[in-house]
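**Q** Structure in structure tokens, see below.
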Amino acid sequence: MGLLSSVLGNAGVVTPDKLEAEYAQLLTEREKIEVGFAVFRDTFIFTDKRLMIVDVQGMTGRKIEYLSIPYGKITKFSVETAGRFDLDAELKIWVGSEPTPIQKKFNKKVNIYDLQKVLAGFTLV
């Protein structure tokens with residue numbers, strides 16, 4: 001995927017090797033990590049089959065939710081760029097018929113356009 005080589009130069013991006021070392025137990029036998037984005041304490045992992053959101057919760061970070069979303073179940077998504085006074089960008093993902101999207105905020109280390117491009121590449125097939 002040529003897109004991934006241009007994305008990997010940006011801050012906030014986590015290499016597939018590093019993600020595989022940490023999250024191998026979550027992958028199926030024939031699943032491959034393509035790219036990931038570190039967002040504060042959370043991580044977005046794009047595999048060739050699904051999007052996984054690793055949500056570190058609580059003050060200690062001991063509680064972790066691993067949300068798995070097959071690309072075919074994502075019905076729409078939107079990005080909101082950071083403004084002059086609002087320093088955070090935002091991603092919203094609607095899954096299935098759920099009326100409320102999954103929402104995540106991103107600091108300036110993550111290029112929201114690159115994340116949107118990767119998500120579009122997997123969902124707009």
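Chain labels follow the order of the structure tokens: the first chain is A, the next B, and so on; residue numbering restarts at 1 in every chain, and ligands are counted from 1 in their shown order.
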Find the spatial neighbours of Leu115 (chain A), counting only C-alpha atoms, within a cut-off of 9 Å - ignore same-chain residues fewer than 4 positions away - and output them as a PyMOL selection string.

**A** chain A and resi 7+36-37+91+110-111+119-120

**Q** May I have all residues of chain A that DSSP, computed from the backbone, assigns to helix (DSSP H, G or I), given as a ChimeraX atom specification?

**A** /A:2-7,16-26,71-73,112-123

**Q** Considering only C-alpha atoms, state which residue in the set A:Lys104, A:Lys92, A:Lys18, A:Lys117 is at the smallest distance from Val39 (chain A).

**A** A:Lys104

**Q** When you draw a straight line from CA of Thr60 (chain A) to CA of Asp42 (chain A), how long is it in Å?

**A** 13.5 Å

**Q** What is the CA of Trp94 (chain A)-CA of Lys76 (chain A) distance in Å, reported with one decimal?

**A**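 CA of Lys76 (chain A) lies 5.4 Å from CA of Trp94 (chain A).
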
**Q** So that I can check the secondary structure, give me every residue of chain A assigned strand (DSSP E or B) by backbone DSSP, as an mmCIF file with C-alpha atoms, in the first residue's frame.

**A**
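File states-v8.cif, as written:
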```cif
data_model
loop_
_atom_site.group_PDB
_atom_site.id
_atom_site.type_symbol
_atom_site.label_atom_id
_atom_site.label_comp_id
_atom_site.auth_asym_id
_atom_site.auth_seq_id
_atom_site.Cartn_x
_atom_site.Cartn_y
_atom_site.Cartn_z
ATOM 1 C CA VAL A 13 2.055 6.976 13.682
ATOM 2 C CA VAL A 14 3.113 3.618 15.155
ATOM 3 C CA ILE A 33 -1.405 -4.942 10.767
ATOM 4 C CA GLU A 34 -1.103 -2.215 8.152
ATOM 5 C CA VAL A 35 -0.627 0.953 10.252
ATOM 6 C CA GLY A 36 -1.539 2.407 13.633
ATOM 7 C CA PHE A 37 -1.935 5.790 15.269
ATOM 8 C CA ALA A 38 -1.115 6.591 18.894
ATOM 9 C CA VAL A 39 -3.574 9.082 20.358
ATOM 10 C CA ASP A 42 -5.205 5.108 23.039
ATOM 11 C CA THR A 43 -4.223 3.426 19.773
ATOM 12 C CA PHE A 44 -6.013 2.992 16.439
ATOM 13 C CA ILE A 45 -4.842 -0.160 14.651
ATOM 14 C CA PHE A 46 -5.722 -0.702 11.001
ATOM 15 C CA THR A 47 -5.369 -4.335 9.929
ATOM 16 C CA ARG A 50 -10.705 -4.482 10.666
ATOM 17 C CA LEU A 51 -10.139 -1.370 12.730
ATOM 18 C CA MET A 52 -9.197 -1.982 16.361
ATOM 19 C CA ILE A 53 -9.412 0.797 18.913
ATOM 20 C CA VAL A 54 -7.365 0.202 22.055
ATOM 21 C CA ASP A 55 -8.924 2.413 24.744
ATOM 22 C CA VAL A 56 -6.826 2.728 27.909
ATOM 23 C CA GLN A 57 -9.179 3.634 30.759
ATOM 24 C CA LYS A 63 -8.336 -1.335 32.428
ATOM 25 C CA ILE A 64 -8.194 -1.559 28.634
ATOM 26 C CA GLU A 65 -11.020 -1.956 26.129
ATOM 27 C CA TYR A 66 -10.223 -3.543 22.757
ATOM 28 C CA LEU A 67 -12.947 -2.527 20.303
ATOM 29 C CA SER A 68 -12.952 -4.393 16.994
ATOM 30 C CA ILE A 69 -14.868 -2.952 14.033
ATOM 31 C CA PRO A 70 -14.994 -4.836 10.724
ATOM 32 C CA ILE A 74 -18.587 1.273 9.263
ATOM 33 C CA THR A 75 -21.475 3.176 7.674
ATOM 34 C CA LYS A 76 -19.917 6.653 7.680
ATOM 35 C CA PHE A 77 -17.181 8.708 9.296
ATOM 36 C CA SER A 78 -16.165 12.327 9.619
ATOM 37 C CA VAL A 79 -13.120 14.302 10.633
ATOM 38 C CA GLU A 80 -13.032 17.748 12.138
ATOM 39 C CA ALA A 89 -8.994 17.400 15.815
ATOM 40 C CA GLU A 90 -11.843 14.907 16.078
ATOM 41 C CA LEU A 91 -12.836 11.665 14.363
ATOM 42 C CA LYS A 92 -16.377 10.261 14.410
ATOM 43 C CA ILE A 93 -17.207 6.752 13.197
ATOM 44 C CA TRP A 94 -20.751 5.422 12.822
ATOM 45 C CA VAL A 95 -21.082 1.652 13.075
ATOM 46 C CA ILE A 102 -17.644 6.553 18.268
ATOM 47 C CA GLN A 103 -15.760 9.802 18.903
ATOM 48 C CA LYS A 104 -12.068 10.344 19.498
ATOM 49 C CA LYS A 105 -10.042 13.525 19.855
ATOM 50 C CA PHE A 106 -6.545 13.858 18.430
#
```

**Q** For CA of Ala24 (chain A) and CA of Lys49 (chain A), quote the distance in Å rounded to one decimal.

**A** 14.4 Å

**Q** Restricting the calculation to only C-alpha atoms: of A:Ile112, A:Val118, A:Ser97, A:Leu27, which residue gets closest to Gly12 (chain A)?

**A**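 Checking each candidate against Gly12 (chain A), we get A:Ile112 as the closest.
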